[in-house]
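> Enclosed is the structure file target_5.txt (compact mmCIF, C-alpha atoms).
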# COMPACT_ATOMS: atom_id res chain seq x y z
CA MET S 1 -22.90 -10.46 36.06
CA LYS S 2 -23.01 -8.37 39.19
CA VAL S 3 -20.63 -5.60 40.10
CA VAL S 4 -18.78 -6.43 43.30
CA PHE S 5 -16.72 -3.26 43.50
CA ARG S 6 -15.83 -0.42 41.20
CA SER S 7 -12.67 1.59 41.83
CA LYS S 8 -11.45 4.59 39.86
CA PHE S 9 -9.84 2.55 37.05
CA TYR S 10 -11.06 -1.02 37.51
CA THR S 11 -14.25 -3.00 38.07
CA LEU S 12 -14.67 -6.37 39.71
CA TYR S 13 -17.64 -8.51 38.63
CA GLN S 14 -18.99 -11.79 39.88
CA SER S 15 -20.67 -14.37 37.72
CA ASP S 16 -22.84 -16.65 39.86
CA LYS S 17 -23.53 -18.88 36.86
CA GLU S 18 -19.86 -19.48 36.04
CA LYS S 19 -18.79 -19.32 39.70
CA CYS S 20 -15.97 -16.97 38.88
CA HIS S 21 -14.96 -13.31 38.81
CA TYR S 22 -14.19 -10.93 36.01
CA LEU S 23 -11.79 -8.06 36.42
CA ASP S 24 -12.11 -5.21 33.99
CA MET S 25 -8.61 -3.72 33.84
CA ASP S 26 -9.64 -1.11 31.29
CA GLN S 27 -7.18 -2.45 28.70
CA LYS S 28 -8.85 -5.86 28.85
CA THR S 29 -11.18 -7.96 30.98
CA ILE S 30 -9.78 -11.06 32.57
CA LYS S 31 -11.61 -14.08 33.93
CA LEU S 32 -10.49 -15.21 37.38
CA SER S 33 -11.30 -18.43 39.18
CA PHE S 34 -11.49 -17.94 42.96
CA CYS S 35 -8.05 -19.50 43.31
CA GLN S 36 -6.62 -17.09 40.74
CA PHE S 37 -8.32 -14.19 42.48
CA LEU S 38 -6.72 -15.27 45.77
CA ALA S 39 -3.34 -15.42 44.03
CA LEU S 40 -3.91 -11.92 42.62
CA ARG S 41 -4.77 -10.69 46.11
CA THR S 42 -1.54 -12.13 47.54
CA LYS S 43 0.51 -10.68 44.69
CA VAL S 44 -0.99 -7.21 44.98
CA ARG S 45 -0.73 -7.14 48.77
CA ASN S 46 2.95 -8.12 48.63
CA ILE S 47 3.89 -5.23 46.36
CA SER S 48 5.59 -2.57 48.43
CA ILE S 49 4.10 0.80 47.55
CA GLU S 50 6.86 2.52 49.56
CA ASP S 51 9.38 1.32 46.96
CA HIS S 52 7.59 3.48 44.38
CA PHE S 53 8.63 6.56 46.30
CA ASP S 54 12.28 5.55 46.51
CA SER S 55 14.17 6.04 43.25
CA ASP S 56 16.83 3.50 44.31
CA LEU S 57 14.31 0.72 44.87
CA ASN S 58 11.95 1.48 41.99
CA LYS S 59 13.54 3.87 39.54
CA HIS S 60 10.60 4.32 37.17
CA GLY S 61 7.67 3.80 39.52
CA PHE S 62 6.16 0.97 37.48
CA GLU S 63 5.09 -2.50 38.49
CA VAL S 64 4.95 -5.49 36.18
CA LEU S 65 2.09 -7.73 37.20
CA MET S 66 1.63 -11.21 35.76
CA LEU S 67 -1.67 -12.92 36.38
CA CYS S 68 -3.31 -16.32 35.91
CA ASN S 69 -0.12 -18.36 35.52
CA LYS S 70 1.51 -15.73 33.30
CA GLU S 71 -1.47 -15.64 30.95
CA HIS S 72 -1.82 -11.87 31.37
CA LEU S 73 0.74 -9.16 31.84
CA PHE S 74 0.07 -5.63 33.05
CA VAL S 75 2.37 -2.70 33.56
CA LEU S 76 0.92 -0.44 36.24
CA ASN S 77 2.02 2.93 37.51
CA THR S 78 1.83 3.94 41.17
CA VAL S 79 -1.67 5.43 40.96
CA GLU S 80 -3.04 2.41 39.11
CA LEU S 81 -1.39 0.08 41.60
CA LEU S 82 -2.91 1.92 44.56
CA ASP S 83 -6.27 1.68 42.85
CA LEU S 84 -5.86 -2.06 42.27
CA LYS S 85 -4.84 -2.56 45.91
CA SER S 86 -8.02 -0.85 47.08
CA LEU S 87 -10.14 -2.80 44.59
CA VAL S 88 -8.82 -6.12 45.90
CA GLU S 89 -9.29 -5.12 49.56
CA TYR S 90 -12.76 -3.67 49.09
CA GLY S 91 -13.70 -6.54 46.79
CA PHE S 92 -13.13 -9.06 49.58
CA LEU S 93 -14.80 -6.76 52.06
CA SER S 94 -17.85 -6.59 49.78
CA PHE S 95 -18.08 -10.41 49.79
CA ASP S 96 -18.14 -10.38 53.61
CA VAL S 97 -20.71 -7.60 53.77
CA ASP S 98 -22.88 -9.38 51.21
CA GLN S 99 -22.77 -12.64 53.20
CA LEU S 100 -23.53 -10.78 56.42
CA VAL S 101 -26.55 -9.11 54.85
CA ASN S 102 -27.75 -12.49 53.51
CA THR S 103 -27.35 -14.10 56.94
CA ILE S 104 -29.31 -11.32 58.68
CA ALA S 105 -31.98 -11.35 55.99
CA MET G 106 -24.83 -13.03 45.10
CA LYS G 107 -23.35 -16.52 45.59
CA ASP G 108 -20.66 -16.95 48.24
CA ILE G 109 -17.95 -18.07 45.80
CA ALA G 110 -15.26 -17.81 48.48
CA ARG G 111 -17.12 -20.33 50.65
CA LEU G 112 -17.84 -22.59 47.68
CA ASN G 113 -14.10 -22.81 47.02
CA MET G 114 -12.60 -22.58 50.45
CA SER G 115 -13.56 -24.09 53.82
CA ILE G 116 -11.84 -21.40 55.88
CA LYS G 117 -12.27 -17.64 56.08
CA VAL G 118 -10.01 -15.28 54.16
CA THR G 119 -8.94 -13.59 57.42
CA SER G 120 -7.87 -16.98 58.80
CA LEU G 121 -6.02 -17.69 55.57
CA ASP G 122 -3.92 -14.54 56.04
CA ALA G 123 -3.26 -15.32 59.69
CA LEU G 124 -2.24 -18.91 58.88
CA ASN G 125 0.09 -17.72 56.12
CA ASP G 126 1.70 -15.39 58.66
CA GLN G 127 2.05 -18.37 60.97
CA ILE G 128 3.79 -20.34 58.21
CA GLN G 129 6.27 -17.49 57.98
CA MET G 130 6.77 -17.56 61.75
CA GLU G 131 7.30 -21.33 61.93
CA GLY G 132 9.69 -21.15 58.98
CA LYS G 133 11.67 -18.44 60.72
CA ALA G 134 11.69 -20.44 63.96
CA SER G 135 13.05 -23.44 62.07
CA SER G 136 15.87 -21.37 60.53
CA SER G 137 16.55 -19.74 63.87
CA TYR G 138 16.96 -23.14 65.55
CA LEU G 139 19.31 -24.16 62.78
CA ALA G 140 21.45 -21.09 63.53
CA MET G 141 21.43 -22.05 67.23
CA ALA G 142 22.45 -25.61 66.33
CA SER G 143 25.32 -24.22 64.29
CA TRP G 144 26.49 -22.00 67.18
CA CYS G 145 26.33 -24.95 69.60
CA ASP G 146 28.25 -27.19 67.20
CA GLN G 147 30.96 -24.55 66.75
CA ASN G 148 31.30 -24.16 70.51
CA SER G 149 31.43 -27.94 71.15
CA TYR G 150 28.04 -28.16 72.84
CA SER G 151 27.10 -31.34 70.99
CA GLY G 152 24.10 -32.25 73.18
CA SER G 153 22.49 -28.85 72.66
CA ALA G 154 23.35 -28.89 68.95
CA GLU G 155 21.55 -32.20 68.60
CA LEU G 156 18.48 -30.77 70.34
CA PHE G 157 18.40 -27.70 68.11
CA TYR G 158 18.79 -29.75 64.91
CA ARG G 159 15.79 -31.75 66.07
CA GLN G 160 13.88 -28.58 66.98
CA ALA G 161 14.59 -27.10 63.53
CA ASN G 162 13.04 -30.20 61.97
CA GLU G 163 10.04 -30.03 64.27
CA GLU G 164 9.35 -26.38 63.46
CA ARG G 165 9.53 -27.21 59.77
CA GLU G 166 7.04 -30.02 60.32
CA HIS G 167 4.72 -27.53 62.06
CA MET G 168 5.09 -25.20 59.12
CA MET G 169 4.27 -27.98 56.69
CA LYS G 170 1.25 -29.01 58.75
CA ILE G 171 -0.23 -25.51 58.38
CA PHE G 172 0.87 -25.29 54.75
CA LYS G 173 -0.94 -28.52 53.89
CA PHE G 174 -4.02 -27.53 55.91
CA ILE G 175 -4.41 -24.27 53.97
CA ASN G 176 -4.13 -26.01 50.62
CA ASP G 177 -6.44 -28.84 51.70
CA CYS G 178 -9.03 -26.20 52.63
CA GLY G 179 -8.83 -24.71 49.15
CA GLY G 180 -6.70 -21.74 50.19
CA ASN G 181 -3.44 -20.39 48.88
CA ALA G 182 -0.44 -21.33 51.05
CA ILE G 183 2.56 -19.06 50.58
CA SER G 184 6.10 -20.40 50.78
CA PRO G 185 7.91 -18.12 53.25
CA GLU G 186 10.92 -15.93 52.55
CA ILE G 187 13.25 -16.11 55.53
CA SER G 188 15.78 -13.40 56.33
CA ASN G 189 17.56 -11.76 59.27
CA ILE G 190 18.44 -14.88 61.24
CA ASN G 191 20.63 -14.19 64.27
CA HIS G 192 23.78 -16.33 64.44
CA ASP G 193 25.50 -14.52 67.31
CA PHE G 194 25.13 -15.53 70.95
CA SER G 195 27.26 -14.80 73.98
CA SER G 196 26.54 -17.97 75.99
CA LEU G 197 24.70 -21.28 75.96
CA GLU G 198 22.19 -19.86 78.41
CA GLU G 199 21.46 -16.97 76.06
CA VAL G 200 20.77 -19.47 73.29
CA PHE G 201 18.14 -21.21 75.41
CA GLU G 202 16.68 -17.91 76.62
CA THR G 203 16.27 -16.86 72.98
CA ALA G 204 14.71 -20.23 72.18
CA LEU G 205 12.18 -19.84 75.02
CA GLU G 206 11.30 -16.28 73.97
CA GLN G 207 10.78 -17.56 70.43
CA GLU G 208 8.47 -20.33 71.63
CA ILE G 209 6.45 -17.83 73.69
CA GLU G 210 6.04 -15.62 70.61
CA VAL G 211 4.82 -18.62 68.59
CA THR G 212 2.34 -19.53 71.35
CA LYS G 213 1.02 -15.95 71.45
CA SER G 214 0.61 -15.96 67.70
CA ILE G 215 -1.29 -19.29 67.75
CA ASN G 216 -3.56 -17.94 70.51
CA LYS G 217 -4.23 -14.82 68.46
CA ILE G 218 -5.34 -16.88 65.45
CA ILE G 219 -7.61 -18.98 67.65
CA SER G 220 -9.19 -15.77 69.01
CA LEU G 221 -9.69 -14.55 65.46
CA ALA G 222 -11.17 -17.91 64.42
CA LYS G 223 -13.58 -17.80 67.37
CA LYS G 224 -14.60 -14.26 66.49
CA THR G 225 -15.26 -15.13 62.86
CA GLU G 226 -16.84 -18.51 63.73
CA ASP G 227 -14.16 -20.32 61.75
CA TYR G 228 -14.41 -23.55 63.72
CA ALA G 229 -12.30 -25.65 61.34
CA VAL G 230 -9.32 -23.41 62.01
CA GLU G 231 -9.98 -23.36 65.74
CA ASN G 232 -10.15 -27.14 65.82
CA PHE G 233 -7.02 -27.51 63.70
CA LEU G 234 -5.01 -25.22 65.97
CA GLN G 235 -5.85 -27.11 69.18
CA TRP G 236 -3.02 -29.53 68.40
CA PHE G 237 -0.63 -26.57 68.28
CA VAL G 238 -1.82 -25.31 71.68
CA LYS G 239 -0.80 -28.60 73.30
CA GLU G 240 2.43 -28.76 71.33
CA GLN G 241 3.44 -25.24 72.36
CA LEU G 242 2.92 -26.07 76.03
CA GLU G 243 5.39 -28.93 75.68
CA GLU G 244 7.89 -26.83 73.72
CA GLU G 245 7.85 -24.03 76.29
CA LYS G 246 8.19 -26.51 79.16
CA SER G 247 11.21 -28.25 77.67
CA MET G 248 13.03 -24.90 77.21
CA ARG G 249 12.14 -23.78 80.76
CA ASP G 250 13.39 -27.10 82.19
CA ILE G 251 16.75 -26.56 80.48
CA LEU G 252 17.00 -22.99 81.77
CA ASP G 253 16.29 -24.32 85.28
CA LEU G 254 19.44 -26.44 84.95
CA PHE G 255 21.51 -23.25 84.77
CA GLU G 256 19.97 -22.11 88.04
CA LEU G 257 20.63 -25.47 89.68
CA MET G 258 24.09 -26.28 88.34
CA GLY G 259 25.57 -22.83 87.78
CA ARG G 260 27.07 -21.04 84.82
CA GLU G 261 30.78 -21.59 85.31
CA GLY G 262 33.29 -24.03 83.76
CA ILE G 263 32.41 -27.70 84.09
CA ALA G 264 28.76 -26.95 85.01
CA ILE G 265 28.07 -25.82 81.44
CA LYS G 266 29.61 -29.01 80.05
CA LEU G 267 27.52 -31.11 82.44
CA ILE G 268 24.36 -29.23 81.45
CA ASP G 269 25.12 -29.81 77.79
CA GLU G 270 25.58 -33.52 78.43
CA ARG G 271 22.18 -33.68 80.11
CA ILE G 272 20.50 -32.05 77.12
CA LYS G 273 19.57 -34.58 74.47
Could you write out this structure as structure tokens?


Amino acid sequence: MKVVFRSKFYTLYQSDKEKCHYLDMDQKTIKLSFCQFLALRTKVRNISIEDHFDSDLNKHGFEVLMLCNKEHLFVLNTVELLDLKSLVEYGFLSFDVDQLVNTIA
Amino acid sequence: MKDIARLNMSIKVTSLDALNDQIQMEGKASSSYLAMASWCDQNSYSGSAELFYRQANEEREHMMKIFKFINDCGGNAISPEISNINHDFSSLEEVFETALEQEIEVTKSINKIISLAKKTEDYAVENFLQWFVKEQLEEEKSMRDILDLFELMGREGIAIKLIDERIK
């Protein structure tokens, strides 16, 4: 398995053999098909980080994240959520960069 | 490293985001036309109401066309959340002016996605959106033709009723 991107708390891997991704969330590692990874991306992008800084909108500053058709459940704080957001963004960016490098090479 | 994204999806991730935004826009346009139809019905402009009910359906069809395309390409289409629909208008002309402005915004958005698709060499998306380019030309024209009627026939009393009767 190759590392696609490593953020402060999490690591995204790609398995060419299984044609899937693995996300090491520290507490556990989850297997993601591309479709599930896309769904995770949408979910994470739609979370409003601004709400975490407004005690009326998000009193405790936690986010409950359910993944892979409710197979996994994570409770993330603001810092962890920011980290996951960057992992997802940079993860996809890494795919593009990798393909660009392959095309040029 | 294998291009897993390409193995699973025929379009680019950037296009996927743009198309999902377009779904949202078409969904909002559909709801907006429904609000216009409601206003026209309440103010006894039955011809215009009929047109806006039809337009609402058409916009929904456009939305579904994009929705299906994304899923057919292996992407993840997102069902839109619609809010902040305006229900208040001061005249029938204002309703049609709003409708035209809305169509122009949709056209601009379609053009933007095509530019993006060209830039990223996402030809499937570019090809798919050509139908929308033609459609938007027709939509804009029909709204402009109606607004021309106000210039020709006036904005007072019976003229408005006659305009409404011509709109179907």

> Residues of chain G that have any atom at most 12 Å from an atom of chain S: could you tabulate them with the shortest-distance atom pair and the distance in Å to one decimal, using only C-alpha atoms, ordered by chain and increasing number, as a Markdown table?


| residue | atom | partner | partner_atom | distance |
| --- | --- | --- | --- | --- |
| G:Met106 | CA | S:Asp16 | CA | 6.7 |
| G:Lys107 | CA | S:Asp16 | CA | 5.8 |
| G:Asp108 | CA | S:Gln99 | CA | 6.9 |
| G:Ile109 | CA | S:Lys19 | CA | 6.3 |
| G:Ala110 | CA | S:Phe34 | CA | 6.7 |
| G:Arg111 | CA | S:Phe34 | CA | 9.8 |
| G:Leu112 | CA | S:Lys19 | CA | 8.7 |
| G:Asn113 | CA | S:Phe34 | CA | 6.9 |
| G:Met114 | CA | S:Phe34 | CA | 8.9 |
| G:Lys117 | CA | S:Asp96 | CA | 9.7 |
| G:Val118 | CA | S:Phe92 | CA | 8.3 |
| G:Thr119 | CA | S:Phe92 | CA | 10.0 |
| G:Leu121 | CA | S:Leu38 | CA | 10.1 |
| G:Asp122 | CA | S:Thr42 | CA | 9.2 |
| G:Asn125 | CA | S:Thr42 | CA | 10.4 |
| G:Asn176 | CA | S:Cys35 | CA | 10.5 |
| G:Cys178 | CA | S:Cys35 | CA | 11.5 |
| G:Gly179 | CA | S:Cys35 | CA | 7.9 |
| G:Gly180 | CA | S:Cys35 | CA | 7.4 |
| G:Asn181 | CA | S:Leu38 | CA | 6.8 |
| G:Ala182 | CA | S:Ala39 | CA | 9.6 |
| G:Ile183 | CA | S:Thr42 | CA | 8.6 |
| G:Ser184 | CA | S:Thr42 | CA | 11.7 |
| G:Glu186 | CA | S:Asn46 | CA | 11.8 |
| G:Thr225 | CA | S:Asp96 | CA | 10.8 |

> Atom CA of Asp227 of chain G and atom CA of Glu240 of chain G are how many Å apart?

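Atom CA of Asp227 of chain G sits 20.9 Å away from atom CA of Glu240 of chain G.
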
> Can you pull out the residues contacting Asp24 of chain S? Cut-off 12 Å, using all atoms listed in the file, and skip same-chain residues under 6 positions away; I want them as a VMD selection string.

chain S and resid 3 to 14 30 to 32 84 87

> Quick one: of G:Glu261, G:Trp144, G:Asp126, G:Met248, who's nearest to Glu206 of chain G, counting only C-alpha atoms?

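Looking at the shortest contact to Glu206 of chain G, the residue is G:Met248.
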
> When you draw a straight line from atom CA of Val75 of chain S to atom CA of Glu63 of chain S, how long is it in Å?

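We find that atom CA of Val75 of chain S and atom CA of Glu63 of chain S lie 5.6 Å from each other.
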
> Counting all atoms listed in the file, which of G:Asp193, G:Glu166, G:Glu270, G:Asp177 gets nearest to Met141 of chain G?

G:Asp193

> I'd like the neighbourhood of Phe233 of chain G as an mmCIF file with C-alpha atoms, in the frame of the given file, where a residue qualifies if any of its atoms comes within 12 Å (using all atoms listed in the file), though same-chain residues fewer than 2 positions away should be ignored.


data_model
loop_
_atom_site.group_PDB
_atom_site.id
_atom_site.type_symbol
_atom_site.label_atom_id
_atom_site.label_comp_id
_atom_site.auth_asym_id
_atom_site.auth_seq_id
_atom_site.Cartn_x
_atom_site.Cartn_y
_atom_site.Cartn_z
ATOM 1 C CA ILE G 116 -11.840 -21.400 55.880
ATOM 2 C CA SER G 120 -7.870 -16.980 58.800
ATOM 3 C CA LEU G 124 -2.240 -18.910 58.880
ATOM 4 C CA HIS G 167 4.720 -27.530 62.060
ATOM 5 C CA LYS G 170 1.250 -29.010 58.750
ATOM 6 C CA ILE G 171 -0.230 -25.510 58.380
ATOM 7 C CA LYS G 173 -0.940 -28.520 53.890
ATOM 8 C CA PHE G 174 -4.020 -27.530 55.910
ATOM 9 C CA ILE G 175 -4.410 -24.270 53.970
ATOM 10 C CA CYS G 178 -9.030 -26.200 52.630
ATOM 11 C CA ILE G 215 -1.290 -19.290 67.750
ATOM 12 C CA ILE G 218 -5.340 -16.880 65.450
ATOM 13 C CA ILE G 219 -7.610 -18.980 67.650
ATOM 14 C CA ALA G 222 -11.170 -17.910 64.420
ATOM 15 C CA ASP G 227 -14.160 -20.320 61.750
ATOM 16 C CA TYR G 228 -14.410 -23.550 63.720
ATOM 17 C CA ALA G 229 -12.300 -25.650 61.340
ATOM 18 C CA VAL G 230 -9.320 -23.410 62.010
ATOM 19 C CA GLU G 231 -9.980 -23.360 65.740
ATOM 20 C CA GLN G 235 -5.850 -27.110 69.180
ATOM 21 C CA TRP G 236 -3.020 -29.530 68.400
ATOM 22 C CA PHE G 237 -0.630 -26.570 68.280
ATOM 23 C CA VAL G 238 -1.820 -25.310 71.680
ATOM 24 C CA LYS G 239 -0.800 -28.600 73.300
#

> With distances taken over only C-alpha atoms, which of S:Val88, S:Leu57, S:Met66, S:Leu73 is nearest to Arg41 of chain S?

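Residue with the minimum atom-to-atom distance to Arg41 of chain S: S:Val88.
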
> Would you mind listing what lies within 10 Å of Ser135 of chain G as a ChimeraX atom specification, with all atoms listed in the file counted and same-chain residues fewer than 3 positions away left out?

/G:129-132,138-141,157-168,187

> Compare G:Ala154, G:Ile190, G:Met169, G:Leu205 by their minimum atom-to-atom distance to Ser247 of chain G, counting only C-alpha atoms, and give me the closest one.

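Answer, going by the shortest atom-to-atom distance: G:Leu205.
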
> Excluding segment 80-82 of chain S and any residue of its chain fewer than 4 positions from it, enumerate the residues within 12 Å of it, using all atoms listed in the file, and give them as a list in words.

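Listed by chain and then number, they are Ser7, Lys8, Phe9, Tyr10, Met25, Asp26, Lys43, Val44, Arg45, Asn46, Ile47, Ser48, Ile49, Glu50, His52, Gly61, Phe62, Glu63, Val64, Leu65, Phe74, Val75, Leu76, Ser86, Leu87, Val88 and Glu89 of chain S.
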
> Quote the spacing between atom CA of Asn189 of chain G and atom CA of Ala134 of chain G in Å to one decimal place.

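Pair atom CA of Asn189 of chain G / atom CA of Ala134 of chain G returns 11.5 Å.
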
> Tell me which of G:Met258, G:Ile268, G:Leu252, G:Leu234 sits closest to Thr203 of chain G, counting all atoms listed in the file.

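Residue with the minimum atom-to-atom distance to Thr203 of chain G: G:Leu252.
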
> Any chance you could build segment 179-189 of chain G out to all heavy atoms and write it as a short mmCIF file (atom, residue, chain, number, x, y, z; two decimals), in the coordinates of the input?


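Contents of selection_26.cif, as written:
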data_model
loop_
_atom_site.label_atom_id
_atom_site.label_comp_id
_atom_site.auth_asym_id
_atom_site.auth_seq_id
_atom_site.Cartn_x
_atom_site.Cartn_y
_atom_site.Cartn_z
N GLY G 179 -8.55 -25.46 50.38
CA GLY G 179 -8.83 -24.71 49.15
C GLY G 179 -8.20 -23.33 49.13
O GLY G 179 -8.47 -22.52 48.24
N GLY G 180 -7.36 -23.05 50.12
CA GLY G 180 -6.70 -21.74 50.19
C GLY G 180 -5.40 -21.70 49.40
O GLY G 180 -5.11 -22.60 48.62
N ASN G 181 -4.66 -20.63 49.64
CA ASN G 181 -3.44 -20.39 48.88
C ASN G 181 -2.27 -20.25 49.86
O ASN G 181 -2.05 -19.18 50.40
CB ASN G 181 -3.66 -19.10 48.07
CG ASN G 181 -2.60 -18.84 47.05
OD1 ASN G 181 -1.70 -19.66 46.87
ND2 ASN G 181 -2.68 -17.69 46.40
N ALA G 182 -1.57 -21.38 50.11
CA ALA G 182 -0.44 -21.33 51.05
C ALA G 182 0.77 -20.68 50.39
O ALA G 182 1.07 -20.95 49.24
CB ALA G 182 -0.09 -22.73 51.51
N ILE G 183 1.42 -19.80 51.13
CA ILE G 183 2.56 -19.06 50.58
C ILE G 183 3.86 -19.56 51.19
O ILE G 183 4.03 -19.55 52.41
CB ILE G 183 2.42 -17.54 50.86
CG1 ILE G 183 1.03 -17.02 50.48
CG2 ILE G 183 3.53 -16.75 50.17
CD1 ILE G 183 0.72 -17.00 49.01
N SER G 184 4.78 -19.96 50.32
CA SER G 184 6.10 -20.40 50.78
C SER G 184 6.86 -19.20 51.36
O SER G 184 6.97 -18.17 50.70
CB SER G 184 6.87 -21.00 49.60
OG SER G 184 8.10 -21.48 50.02
N PRO G 185 7.35 -19.32 52.60
CA PRO G 185 7.91 -18.12 53.25
C PRO G 185 9.32 -17.74 52.78
O PRO G 185 10.11 -18.60 52.39
CB PRO G 185 7.96 -18.55 54.72
CG PRO G 185 8.11 -20.01 54.69
CD PRO G 185 7.41 -20.50 53.47
N GLU G 186 9.56 -16.44 52.81
CA GLU G 186 10.92 -15.93 52.55
C GLU G 186 11.52 -15.64 53.92
O GLU G 186 10.98 -14.85 54.68
CB GLU G 186 10.85 -14.65 51.73
CG GLU G 186 10.50 -14.89 50.28
CD GLU G 186 10.31 -13.59 49.52
OE1 GLU G 186 10.98 -12.61 49.84
OE2 GLU G 186 9.48 -13.60 48.60
N ILE G 187 12.65 -16.27 54.20
CA ILE G 187 13.25 -16.11 55.53
C ILE G 187 14.51 -15.24 55.43
O ILE G 187 15.38 -15.49 54.60
CB ILE G 187 13.64 -17.48 56.13
CG1 ILE G 187 12.51 -18.51 55.98
CG2 ILE G 187 14.09 -17.34 57.58
CD1 ILE G 187 11.30 -18.31 56.83
N SER G 188 14.57 -14.24 56.29
CA SER G 188 15.78 -13.40 56.33
C SER G 188 16.03 -12.94 57.77
O SER G 188 15.20 -13.17 58.65
CB SER G 188 15.61 -12.21 55.40
OG SER G 188 14.52 -11.43 55.82
N ASN G 189 17.16 -12.30 57.96
CA ASN G 189 17.56 -11.76 59.27
C ASN G 189 17.58 -12.80 60.39
O ASN G 189 16.92 -12.63 61.42
CB ASN G 189 16.63 -10.60 59.69
CG ASN G 189 16.77 -9.42 58.77
OD1 ASN G 189 17.86 -9.15 58.26
ND2 ASN G 189 15.68 -8.71 58.54
#
